[in-house]
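Structure file model12.txt (compact mmCIF, C-alpha atoms) is printed below.
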```
# COMPACT_ATOMS: atom_id res chain seq x y z
CA MET A 1 112.82 98.25 77.33
CA GLU A 2 110.55 98.37 74.28
CA LYS A 3 107.56 98.25 76.66
CA LEU A 4 108.40 101.68 78.13
CA VAL A 5 105.83 104.24 77.00
CA SER A 6 108.62 106.78 76.56
CA MET A 7 110.21 104.52 73.92
CA TRP A 8 107.30 104.50 71.47
CA TYR A 9 104.62 107.07 72.37
CA LYS A 10 105.51 109.43 69.48
CA ASP A 11 105.05 106.77 66.84
CA GLN A 12 101.40 105.74 67.09
CA ALA A 13 97.86 106.41 68.29
CA LEU A 14 96.74 105.23 71.71
CA PRO A 15 96.93 101.39 71.68
CA GLU A 16 93.83 99.46 72.67
CA ASN A 17 95.47 97.98 75.75
CA TYR A 18 95.82 101.50 77.19
CA ILE A 19 92.13 102.37 76.77
CA PHE A 20 90.19 102.10 80.04
CA PRO A 21 86.55 100.99 80.28
CA PRO A 22 84.11 103.93 79.93
CA GLU A 23 83.30 104.02 83.65
CA LYS A 24 86.99 104.42 84.57
CA ARG A 25 88.08 106.87 81.89
CA PRO A 26 88.71 110.49 82.90
CA GLY A 27 86.68 111.68 79.89
CA LYS A 28 86.91 115.06 78.18
CA PHE A 29 85.23 117.21 80.81
CA THR A 30 87.44 119.63 82.73
CA VAL A 31 88.05 118.74 86.35
CA PRO A 32 87.95 121.89 88.50
CA SER A 33 91.09 123.01 90.24
CA CYS A 34 90.78 122.80 93.97
CA ASN A 35 91.52 125.95 95.89
CA THR A 36 90.21 124.42 99.08
CA ILE A 37 92.79 121.69 99.67
CA PRO A 38 94.55 123.13 102.69
CA VAL A 39 97.96 124.74 102.37
CA VAL A 40 99.92 124.44 105.61
CA ASP A 41 102.76 126.81 106.47
CA LEU A 42 105.32 124.70 108.35
CA SER A 43 107.40 127.70 109.42
CA LYS A 44 105.18 127.69 112.52
CA ALA A 45 106.24 124.15 113.44
CA LEU A 46 108.99 125.42 115.73
CA ASP A 47 106.76 127.90 117.55
CA HIS A 48 105.88 127.14 121.13
CA ASN A 49 102.29 127.96 120.33
CA ARG A 50 101.79 125.72 117.31
CA SER A 51 98.39 124.33 118.17
CA ASP A 52 96.72 126.14 115.25
CA LEU A 53 99.14 124.50 112.83
CA ILE A 54 98.49 121.06 114.30
CA GLN A 55 94.74 121.54 114.10
CA GLN A 56 95.07 122.58 110.42
CA ILE A 57 96.90 119.34 109.67
CA LEU A 58 94.40 117.18 111.55
CA LYS A 59 91.45 118.90 109.88
CA ALA A 60 93.01 118.43 106.44
CA GLY A 61 93.79 114.79 107.20
CA ARG A 62 90.24 114.19 108.37
CA GLU A 63 88.35 116.04 105.62
CA PHE A 64 90.58 115.63 102.56
CA GLY A 65 93.32 113.11 103.38
CA PHE A 66 95.53 115.57 101.49
CA PHE A 67 97.25 118.90 102.09
CA GLN A 68 100.14 120.90 100.68
CA VAL A 69 103.03 122.23 102.76
CA ILE A 70 105.08 125.36 102.18
CA ASN A 71 108.06 126.79 104.10
CA HIS A 72 108.96 123.17 104.77
CA GLY A 73 112.72 123.56 105.17
CA VAL A 74 113.81 121.55 102.12
CA PRO A 75 116.11 123.91 100.14
CA GLU A 76 114.48 125.13 96.94
CA LYS A 77 117.69 124.65 94.95
CA LEU A 78 117.84 121.02 96.03
CA VAL A 79 114.23 120.48 94.92
CA ILE A 80 114.97 122.03 91.51
CA ASP A 81 118.19 120.03 91.11
CA THR A 82 116.35 116.83 92.01
CA MET A 83 113.64 117.30 89.39
CA ASP A 84 116.33 118.20 86.84
CA VAL A 85 118.18 114.95 87.59
CA PHE A 86 114.98 112.91 87.24
CA LYS A 87 114.34 114.61 83.88
CA GLU A 88 117.89 113.83 82.77
CA PHE A 89 117.41 110.19 83.74
CA PHE A 90 114.25 109.65 81.70
CA GLU A 91 115.73 111.50 78.71
CA MET A 92 118.89 109.37 78.61
CA PRO A 93 119.45 107.03 75.63
CA ALA A 94 117.92 103.58 76.03
CA GLU A 95 121.30 101.88 76.37
CA ASP A 96 122.09 103.93 79.48
CA LYS A 97 118.90 102.73 81.19
CA ALA A 98 118.74 99.15 79.94
CA SER A 99 120.50 97.56 82.93
CA LEU A 100 117.84 98.99 85.28
CA TYR A 101 114.78 97.73 83.40
CA SER A 102 113.06 94.75 84.99
CA ASP A 103 109.68 93.04 85.26
CA ALA A 104 110.77 91.23 88.42
CA PRO A 105 108.69 92.42 91.41
CA ASP A 106 111.50 91.75 93.89
CA LYS A 107 114.27 93.75 92.17
CA SER A 108 115.42 96.50 94.54
CA CYS A 109 116.06 99.36 92.11
CA LYS A 110 114.25 99.10 88.83
CA LEU A 111 112.87 100.93 85.86
CA SER A 112 109.53 99.61 84.66
CA THR A 113 106.27 100.64 83.04
CA SER A 114 102.62 100.67 84.12
CA ASN A 115 102.31 98.45 87.24
CA ASP A 116 104.41 95.63 88.67
CA ASN A 117 102.00 93.12 87.17
CA TYR A 118 102.41 94.42 83.60
CA LEU A 119 102.57 90.92 82.12
CA HIS A 120 99.19 89.97 83.63
CA GLU A 121 97.17 93.19 83.42
CA GLU A 122 94.58 93.78 80.70
CA ILE A 123 94.88 97.58 80.62
CA HIS A 124 98.20 99.37 81.05
CA LEU A 125 98.89 102.72 82.68
CA TRP A 126 100.38 105.55 80.64
CA ARG A 127 103.54 105.91 82.71
CA ASP A 128 107.10 104.72 83.21
CA LYS A 129 108.56 104.64 86.71
CA LEU A 130 111.87 104.37 88.50
CA ARG A 131 111.51 102.92 91.98
CA HIS A 132 114.05 102.20 94.70
CA PRO A 133 114.39 102.06 98.50
CA CYS A 134 116.09 104.92 100.35
CA HIS A 135 116.82 103.44 103.77
CA PRO A 136 119.40 102.74 105.00
CA LEU A 137 120.82 105.23 102.52
CA GLU A 138 124.45 104.09 102.62
CA GLU A 139 123.37 100.59 101.56
CA CYS A 140 120.57 101.41 99.11
CA ILE A 141 122.51 104.05 97.22
CA GLN A 142 124.88 101.41 95.83
CA ASP A 143 122.02 100.05 93.68
CA TRP A 144 120.80 103.43 92.43
CA PRO A 145 121.38 104.59 88.85
CA GLU A 146 124.99 105.46 88.04
CA LYS A 147 123.82 107.85 85.35
CA PRO A 148 123.25 110.76 85.36
CA THR A 149 126.55 110.97 87.26
CA ARG A 150 125.09 113.28 89.90
CA TYR A 151 121.98 111.15 90.51
CA ARG A 152 123.23 109.51 93.69
CA GLU A 153 124.58 112.72 95.21
CA VAL A 154 121.54 114.88 94.46
CA VAL A 155 118.81 112.32 95.14
CA GLY A 156 120.62 111.12 98.27
CA ALA A 157 120.61 114.68 99.63
CA TYR A 158 116.97 115.14 98.60
CA THR A 159 115.66 111.96 100.22
CA THR A 160 117.55 112.81 103.42
CA GLU A 161 115.75 116.17 103.59
CA ALA A 162 112.40 114.64 102.63
CA LYS A 163 112.73 112.08 105.43
CA LYS A 164 113.31 114.93 107.90
CA LEU A 165 110.16 116.62 106.59
CA GLY A 166 108.23 113.40 107.07
CA SER A 167 109.44 113.16 110.66
CA VAL A 168 108.28 116.72 111.37
CA ILE A 169 104.82 116.07 109.92
CA LEU A 170 104.37 112.77 111.75
CA GLU A 171 105.49 114.35 115.02
CA LEU A 172 102.90 117.12 114.57
CA ILE A 173 100.23 114.49 113.85
CA SER A 174 101.33 112.48 116.87
CA GLU A 175 101.08 115.54 119.10
CA GLY A 176 97.68 116.45 117.66
CA LEU A 177 96.29 112.98 118.26
CA GLY A 178 97.55 112.97 121.82
CA LEU A 179 100.16 110.23 121.29
CA ASP A 180 103.55 110.11 122.95
CA SER A 181 106.33 112.14 121.36
CA GLY A 182 108.23 109.89 118.97
CA TYR A 183 105.32 107.49 118.50
CA PHE A 184 106.05 107.34 114.75
CA ARG A 185 109.67 106.34 115.05
CA ASP A 186 111.75 103.19 114.89
CA LYS A 187 109.97 100.29 113.13
CA LEU A 188 106.89 102.34 112.26
CA THR A 189 108.97 104.58 109.97
CA GLN A 190 111.89 102.53 108.71
CA SER A 191 110.68 101.86 105.18
CA PHE A 192 111.34 104.69 102.73
CA VAL A 193 110.70 104.00 99.04
CA LEU A 194 110.99 106.55 96.23
CA SER A 195 108.87 106.20 93.10
CA VAL A 196 109.62 108.61 90.25
CA ASN A 197 106.79 108.66 87.71
CA TYR A 198 107.17 109.83 84.12
CA TYR A 199 104.02 110.49 82.08
CA PRO A 200 104.80 111.28 78.40
CA PRO A 201 102.39 113.39 76.33
CA CYS A 202 99.39 111.23 75.45
CA PRO A 203 97.51 111.16 72.11
CA ASP A 204 94.11 110.91 73.86
CA PRO A 205 94.13 111.72 77.61
CA SER A 206 90.36 111.19 77.83
CA LEU A 207 90.72 107.43 77.34
CA THR A 208 93.58 106.44 79.63
CA LEU A 209 95.18 107.12 83.01
CA GLY A 210 98.67 107.63 84.31
CA LEU A 211 97.63 106.12 87.66
CA SER A 212 94.33 104.44 88.48
CA LYS A 213 92.17 105.38 91.46
CA HIS A 214 93.84 104.16 94.66
CA CYS A 215 94.85 104.95 98.23
CA ASP A 216 98.47 104.68 99.32
CA PRO A 217 99.15 101.82 101.74
CA GLY A 218 101.68 103.35 104.15
CA LEU A 219 101.66 106.12 106.76
CA ILE A 220 102.18 109.24 104.64
CA THR A 221 103.40 110.04 101.15
CA ILE A 222 105.51 113.10 100.39
CA LEU A 223 104.89 114.04 96.76
CA LEU A 224 106.92 116.42 94.64
CA GLN A 225 104.77 116.99 91.57
CA GLY A 226 106.73 119.45 89.44
CA ASP A 227 104.93 122.20 87.53
CA VAL A 228 102.53 120.18 85.32
CA SER A 229 99.08 119.41 86.69
CA GLY A 230 97.81 115.83 86.75
CA LEU A 231 97.04 114.82 90.33
CA GLN A 232 93.34 114.48 91.15
CA VAL A 233 91.70 113.67 94.49
CA LEU A 234 88.24 112.23 95.05
CA LYS A 235 86.27 114.45 97.45
CA ASP A 236 82.57 113.90 98.16
CA GLY A 237 82.23 111.81 95.01
CA GLU A 238 83.81 114.42 92.72
CA TRP A 239 87.30 114.57 91.22
CA ILE A 240 89.20 117.75 91.99
CA ALA A 241 92.59 118.74 90.59
CA VAL A 242 95.45 119.49 92.96
CA GLU A 243 97.37 122.20 91.15
CA PRO A 244 101.14 122.42 91.72
CA LEU A 245 102.29 125.24 93.97
CA PRO A 246 105.81 126.67 93.71
CA ASN A 247 108.24 124.94 96.10
CA ALA A 248 105.50 122.96 97.84
CA PHE A 249 104.98 119.30 98.67
CA VAL A 250 101.72 117.38 98.61
CA ILE A 251 101.20 115.21 101.70
CA ASN A 252 98.63 112.47 101.81
CA VAL A 253 97.42 110.06 104.45
CA GLY A 254 97.90 106.34 103.80
CA TYR A 255 95.77 103.39 104.89
CA LEU A 256 98.02 102.50 107.83
CA LEU A 257 97.84 105.99 109.33
CA GLN A 258 94.05 105.87 109.04
CA ILE A 259 94.08 102.58 110.93
CA ILE A 260 96.54 103.72 113.62
CA SER A 261 94.50 106.91 114.13
CA ASN A 262 91.34 104.78 114.50
CA ASN A 263 89.71 106.73 111.66
CA LYS A 264 90.57 110.17 113.07
CA LEU A 265 92.49 110.66 109.82
CA LYS A 266 91.32 109.33 106.45
CA SER A 267 93.16 108.10 103.40
CA ALA A 268 91.75 109.52 100.16
CA GLU A 269 91.45 107.98 96.74
CA HIS A 270 93.43 109.75 94.06
CA ARG A 271 94.63 109.26 90.50
CA ALA A 272 96.92 110.79 87.86
CA VAL A 273 95.64 111.94 84.48
CA THR A 274 97.68 112.65 81.37
CA ASN A 275 97.75 115.51 78.88
CA SER A 276 98.49 115.79 75.17
CA LYS A 277 101.11 118.56 75.28
CA ASN A 278 103.54 118.20 78.15
CA ALA A 279 105.41 115.38 79.81
CA ARG A 280 104.75 115.28 83.54
CA MET A 281 106.95 113.97 86.34
CA SER A 282 106.28 113.38 89.99
CA ALA A 283 108.33 111.86 92.78
CA ALA A 284 106.61 110.13 95.68
CA LEU A 285 108.45 109.19 98.87
CA PHE A 286 106.43 106.53 100.67
CA ILE A 287 106.99 106.36 104.44
CA SER A 288 105.90 103.03 105.91
CA PRO A 289 106.52 100.58 108.76
CA THR A 290 108.81 97.59 108.44
CA GLY A 291 107.17 94.36 107.29
CA ASP A 292 107.31 92.74 110.72
CA SER A 293 105.66 95.70 112.48
CA ILE A 294 102.38 95.07 114.28
CA ILE A 295 99.76 97.59 113.17
CA GLU A 296 96.71 98.44 115.26
CA PRO A 297 94.78 101.49 116.42
CA ALA A 298 96.93 103.41 118.89
CA ARG A 299 95.85 102.32 122.35
CA ALA A 300 95.87 105.91 123.61
CA LEU A 301 93.05 106.61 121.15
CA THR A 302 90.77 103.78 122.22
CA ASP A 303 88.69 103.08 125.31
CA ALA A 304 85.27 101.72 126.20
CA GLU A 305 83.53 104.66 124.52
CA ASN A 306 85.87 104.64 121.52
CA PRO A 307 86.63 100.99 120.81
CA PRO A 308 89.23 100.06 118.20
CA ILE A 309 87.70 99.92 114.72
CA TYR A 310 90.44 97.71 113.30
CA LYS A 311 92.12 94.56 114.51
CA SER A 312 95.88 94.02 114.96
CA PHE A 313 97.86 92.61 112.04
CA GLN A 314 101.35 92.33 110.67
CA CYS A 315 102.34 94.98 108.15
CA LYS A 316 103.71 92.60 105.51
CA GLU A 317 100.41 90.67 105.49
CA PHE A 318 98.58 93.94 104.89
CA LEU A 319 100.86 94.90 101.99
CA THR A 320 100.40 91.50 100.36
CA ASN A 321 96.62 91.89 100.52
CA TYR A 322 96.85 95.50 99.31
CA LEU A 323 98.42 94.37 96.05
CA SER A 324 95.59 91.91 95.37
CA MET A 325 92.59 93.96 96.50
CA LYS A 326 90.47 95.76 93.90
CA SER A 327 88.78 98.40 96.03
CA ARG A 328 89.26 100.64 99.04
CA GLU A 329 86.13 99.28 100.71
CA SER A 330 87.20 95.64 100.59
CA MET A 331 90.70 96.54 101.82
CA LEU A 332 89.50 98.30 104.95
CA GLU A 333 86.72 95.82 105.67
CA LEU A 334 89.26 93.04 105.71
CA TYR A 335 90.86 94.51 108.83
CA MET A 336 87.81 95.83 110.64
CA ARG A 337 86.81 94.24 113.94
CA GLN A 338 83.49 92.45 113.90
CA ALA A 339 80.70 94.46 115.48
```
Show me, as C-alpha cells, the structure contained in the file I just sent.
Amino acid sequence: MEKLVSMWYKDQALPENYIFPPEKRPGKFTVPSCNTIPVVDLSKALDHNRSDLIQQILKAGREFGFFQVINHGVPEKLVIDTMDVFKEFFEMPAEDKASLYSDAPDKSCKLSTSNDNYLHEEIHLWRDKLRHPCHPLEECIQDWPEKPTRYREVVGAYTTEAKKLGSVILELISEGLGLDSGYFRDKLTQSFVLSVNYYPPCPDPSLTLGLSKHCDPGLITILLQGDVSGLQVLKDGEWIAVEPLPNAFVINVGYLLQIISNNKLKSAEHRAVTNSKNARMSAALFISPTGDSIIEPARALTDAENPPIYKSFQCKEFLTNYLSMKSRESMLELYMRQA
C-alpha cells in the first residue's frame, strides 16, 4: 500500500524513479486542445437513414482512431454517480483498501500502482488504478470492492449500460464495414475489463506521465474521463489534447479492431499527462475477445484485390506479446503476412 502514489505524493518532490528520459517527457510546452476530433451524435443510431452517422464513425476511426459520443443513452445521473463512487473509493482510508492491493498480475480485482510490472520497471507512472473484470457480471461482482457500500450497485449498473453502448457502436462499425449483423458478438466481445485510473496532483508534470504512449490491445475502449483534461492523442506526429465534454464518452479503436478491419480502421497512440493542481480520474472499459478466439481480417473485407494484411492468430497469444512489446510498429509487424 505504501507504493500507491496517493499515499505519499503530498510529502515530497518528484522522486527520481518517476522522471522519464528527456525524449519521453511531456515537457512544459502547452499541447493544443483538439477541436477536430469528431463528436458523434448517437441519437441518430435508431434512424432508418443512419448512413451519415456510420460514415462519421468510420472516418473518425480511419483518420484519428478516436471520437467522442454524445446522446449515447447512458443516463447522466448514473455517469455522475459512478464517478462519485470512484472518487469515494480512492479517498477512503488506507485500511479500507488494503485487502484489494496486490502486485500479483493474475489477481482478478486489484488495486495497484503504475503498471503490472511495477517491481521490474525502471520508471514508474504517476497513477494508481483499480482494475477488475465485468463479465459475467453476477460472478465478477462478488470480487469487487465492498466499500463504498454502493460501489457494486452503481458500478454494476454503469458497466451494464456501457456494454450496451459498446454493442451499439460495434454494430454500427460492422454495418459500415459491410459485415454481417452481429459480427462482433459472442466470443469476439465476451471480455469486459474496467480500469479506473487515479492521477494525484503532481509536483512537476513536465517530467513524468500518468500513462505512457500506447495503443489499446482490444476491439474498442469506452472511456469516461471526468472533467479534468489529461488525455492526449498522437495525430500526424503531434500530440493533441482531447478535452472532456459534458456527458460524453471517448471511444478509441484497439489493435484487434484494426486487424479485423484489415486496416480500414486504425488504432492510435495516446497517453495521459498529469497536472499540479487537480487530481484526475478516468474509467476505461476495455471490450475484447476471449483468449481462445481466433483473430484475423474479416473474410468479407478481403479478396484477390484486397488481400489480408495480417495472419490468423489466437487472441491470448497476441495479448501475451502485447505486454512484452515496446513499440506499436513491432507489435503490428509481428502479425503481418509476409509480402
I'd like the box whose edges run along x, y and z of the file and which contains every listed atom of region 59-66 of chain A, padded by 6 Å per side; could you state its centre and edge lengths in Å, one decimal, as JSON?
```
{"center_x": 91.9, "center_y": 116.0, "center_z": 105.7, "size_x": 19.2, "size_y": 17.8, "size_z": 20.4}
```
- Taking into account all atoms listed in the file, which residue in the set A:Ile294, A:Leu188, A:Leu257, A:Met281 is nearest to Gln225 (chain A)?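 When distances to Gln225 (chain A) are compared using all atoms listed in the file, the smallest one comes from A:Met281.
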Per residue of region 225-252 of chain A within 12 Å of region 73-91 of chain A, note the shortest atom pair and the distance in Å to one decimal, counting all atoms listed in the file, and order the rows by chain and increasing residue number, as CSV.
```
residue,atom,partner,partner_atom,distance
A:Gln225,CA,A:Met83,CA,9.1
A:Gly226,CA,A:Met83,CA,7.2
A:Asp227,CA,A:Met83,CA,10.2
A:Pro246,CA,A:Glu76,CA,9.4
A:Asn247,CA,A:Glu76,CA,6.3
A:Ala248,CA,A:Glu76,CA,9.3
A:Phe249,CA,A:Val74,CA,9.7
```
- Message: What's around Gly210 (chain A) at 6 Å? Count all atoms listed in the file, leave out sequence neighbours fewer than 2 positions away in its own chain, and write the answer as JSON, numbers by chain.
- Response: {"A": [125, 126, 127, 272, 273, 274]}
- Using only C-alpha atoms, which residue out of A:Val253, A:Ala279, A:Val196, A:Met7 lies closest to Gly230 (chain A)?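 Under the stated criterion, the closest residue is A:Ala279.
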- Quick one, how far is CA of Arg337 (chain A) from CA of Ile309 (chain A)?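 Atom-to-atom, CA of Arg337 (chain A) to CA of Ile309 (chain A), that is 5.8 Å.
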- Can you list, as a ChimeraX atom specification, every protein, DNA or RNA residue that comes within 6 Å of region 104-116 of chain A when you count all atoms listed in the file, leaving out same-chain residues fewer than 3 positions away? /A:4,100-101,124-125,127-132
- Write out as a list of chain:residue names which residues come within 10 Å of region 136-143 of chain A when counting all atoms listed in the file, dropping same-chain ones fewer than 3 positions away.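 Residues near the query, excluding close chain neighbours: A:Leu100, A:Ser108, A:Cys109, A:Lys110, A:His132, A:Pro133, A:Glu146, A:Tyr151, A:Arg152, A:Glu153, A:Val155, A:Gly156, A:Ala157, A:Thr159, A:Thr160, A:Gln190, A:Ser191, A:Phe192.
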- How many Å separate CA of Glu243 (chain A) from CA of Pro148 (chain A)?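 Spanning CA of Glu243 (chain A) to CA of Pro148 (chain A) is a straight-line distance of 28.9 Å.
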- Could you give me, as a list of chain:residue names, the residues within 8 Å of Val69 (chain A), counting only C-alpha atoms and dropping anything in the same chain fewer than 3 positions from it?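 These residues fall inside the cut-off: A:Val39, A:Val40, A:Asp41, A:Leu42, A:His72, A:Ala248, A:Phe249, A:Val250, A:Ile251.
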- Protein, DNA and RNA residues within 9 Å of (105.1, 115.5, 107.2), all atoms listed in the file, as JSON, numbers by chain: {"A": [69, 72, 162, 163, 164, 165, 166, 167, 168, 169, 170, 171, 172, 173, 220, 221, 222, 251, 252]}
Restricted to N, CA, C and O atoms, what does region 276-299 of chain A look like when written out as a short mmCIF file (atom, residue, chain, number, x, y, z; two decimals), in the first residue's frame?
```
data_model
loop_
_atom_site.label_atom_id
_atom_site.label_comp_id
_atom_site.auth_asym_id
_atom_site.auth_seq_id
_atom_site.Cartn_x
_atom_site.Cartn_y
_atom_site.Cartn_z
N SER A 276 -0.50 19.90 -11.84
CA SER A 276 -0.02 20.19 -10.49
C SER A 276 -1.13 20.63 -9.53
O SER A 276 -0.88 20.75 -8.33
N LYS A 277 -2.34 20.82 -10.05
CA LYS A 277 -3.40 21.39 -9.21
C LYS A 277 -4.51 20.42 -8.86
O LYS A 277 -4.99 20.39 -7.72
N ASN A 278 -4.94 19.64 -9.82
CA ASN A 278 -6.14 18.83 -9.62
C ASN A 278 -5.87 17.34 -9.81
O ASN A 278 -5.15 16.95 -10.72
N ALA A 279 -6.47 16.54 -8.94
CA ALA A 279 -6.49 15.10 -9.18
C ALA A 279 -7.37 14.83 -10.40
O ALA A 279 -8.34 15.54 -10.64
N ARG A 280 -7.01 13.81 -11.16
CA ARG A 280 -7.80 13.45 -12.33
C ARG A 280 -8.16 11.98 -12.24
O ARG A 280 -7.36 11.16 -11.78
N MET A 281 -9.38 11.64 -12.65
CA MET A 281 -9.80 10.25 -12.72
C MET A 281 -10.34 9.95 -14.10
O MET A 281 -10.91 10.82 -14.76
N SER A 282 -10.15 8.72 -14.51
CA SER A 282 -10.77 8.24 -15.75
C SER A 282 -11.13 6.78 -15.56
O SER A 282 -10.52 6.09 -14.74
N ALA A 283 -12.13 6.34 -16.29
CA ALA A 283 -12.56 4.94 -16.20
C ALA A 283 -12.66 4.38 -17.60
O ALA A 283 -13.46 4.85 -18.41
N ALA A 284 -11.83 3.38 -17.89
CA ALA A 284 -11.81 2.77 -19.22
C ALA A 284 -12.42 1.38 -19.17
O ALA A 284 -11.99 0.54 -18.38
N LEU A 285 -13.42 1.15 -20.02
CA LEU A 285 -13.98 -0.19 -20.18
C LEU A 285 -13.42 -0.77 -21.47
O LEU A 285 -13.69 -0.27 -22.57
N PHE A 286 -12.60 -1.80 -21.33
CA PHE A 286 -11.97 -2.45 -22.47
C PHE A 286 -12.85 -3.60 -22.96
O PHE A 286 -13.15 -4.52 -22.19
N ILE A 287 -13.23 -3.57 -24.23
CA ILE A 287 -14.05 -4.62 -24.83
C ILE A 287 -13.17 -5.44 -25.76
O ILE A 287 -12.61 -4.91 -26.73
N SER A 288 -13.04 -6.73 -25.45
CA SER A 288 -12.09 -7.58 -26.16
C SER A 288 -12.65 -8.97 -26.40
O SER A 288 -13.64 -9.37 -25.77
N PRO A 289 -12.03 -9.75 -27.28
CA PRO A 289 -12.41 -11.15 -27.47
C PRO A 289 -11.94 -12.01 -26.31
O PRO A 289 -11.07 -11.62 -25.53
N THR A 290 -12.48 -13.22 -26.25
CA THR A 290 -11.98 -14.20 -25.29
C THR A 290 -10.59 -14.66 -25.73
O THR A 290 -10.21 -14.54 -26.91
N GLY A 291 -9.83 -15.21 -24.79
CA GLY A 291 -8.45 -15.61 -25.09
C GLY A 291 -8.33 -16.66 -26.16
O GLY A 291 -7.35 -16.69 -26.91
N ASP A 292 -9.33 -17.54 -26.28
CA ASP A 292 -9.24 -18.61 -27.27
C ASP A 292 -9.83 -18.23 -28.62
O ASP A 292 -9.90 -19.06 -29.53
N SER A 293 -10.24 -16.98 -28.78
CA SER A 293 -10.77 -16.52 -30.08
C SER A 293 -9.68 -16.49 -31.14
O SER A 293 -8.53 -16.15 -30.85
N ILE A 294 -10.05 -16.83 -32.36
CA ILE A 294 -9.13 -16.70 -33.50
C ILE A 294 -9.37 -15.35 -34.14
O ILE A 294 -10.49 -15.01 -34.52
N ILE A 295 -8.31 -14.56 -34.24
CA ILE A 295 -8.38 -13.21 -34.80
C ILE A 295 -7.75 -13.20 -36.18
O ILE A 295 -6.64 -13.74 -36.37
N GLU A 296 -8.43 -12.59 -37.12
CA GLU A 296 -7.91 -12.45 -38.48
C GLU A 296 -8.72 -11.37 -39.18
O GLU A 296 -9.81 -11.01 -38.72
N PRO A 297 -8.21 -10.83 -40.28
CA PRO A 297 -9.02 -9.89 -41.05
C PRO A 297 -10.34 -10.54 -41.47
O PRO A 297 -10.34 -11.71 -41.90
N ALA A 298 -11.44 -9.80 -41.31
CA ALA A 298 -12.74 -10.34 -41.68
C ALA A 298 -12.72 -10.76 -43.15
O ALA A 298 -12.29 -10.00 -44.02
N ARG A 299 -13.17 -11.96 -43.42
CA ARG A 299 -13.07 -12.50 -44.78
C ARG A 299 -13.90 -11.72 -45.78
O ARG A 299 -13.57 -11.66 -46.97
#
```
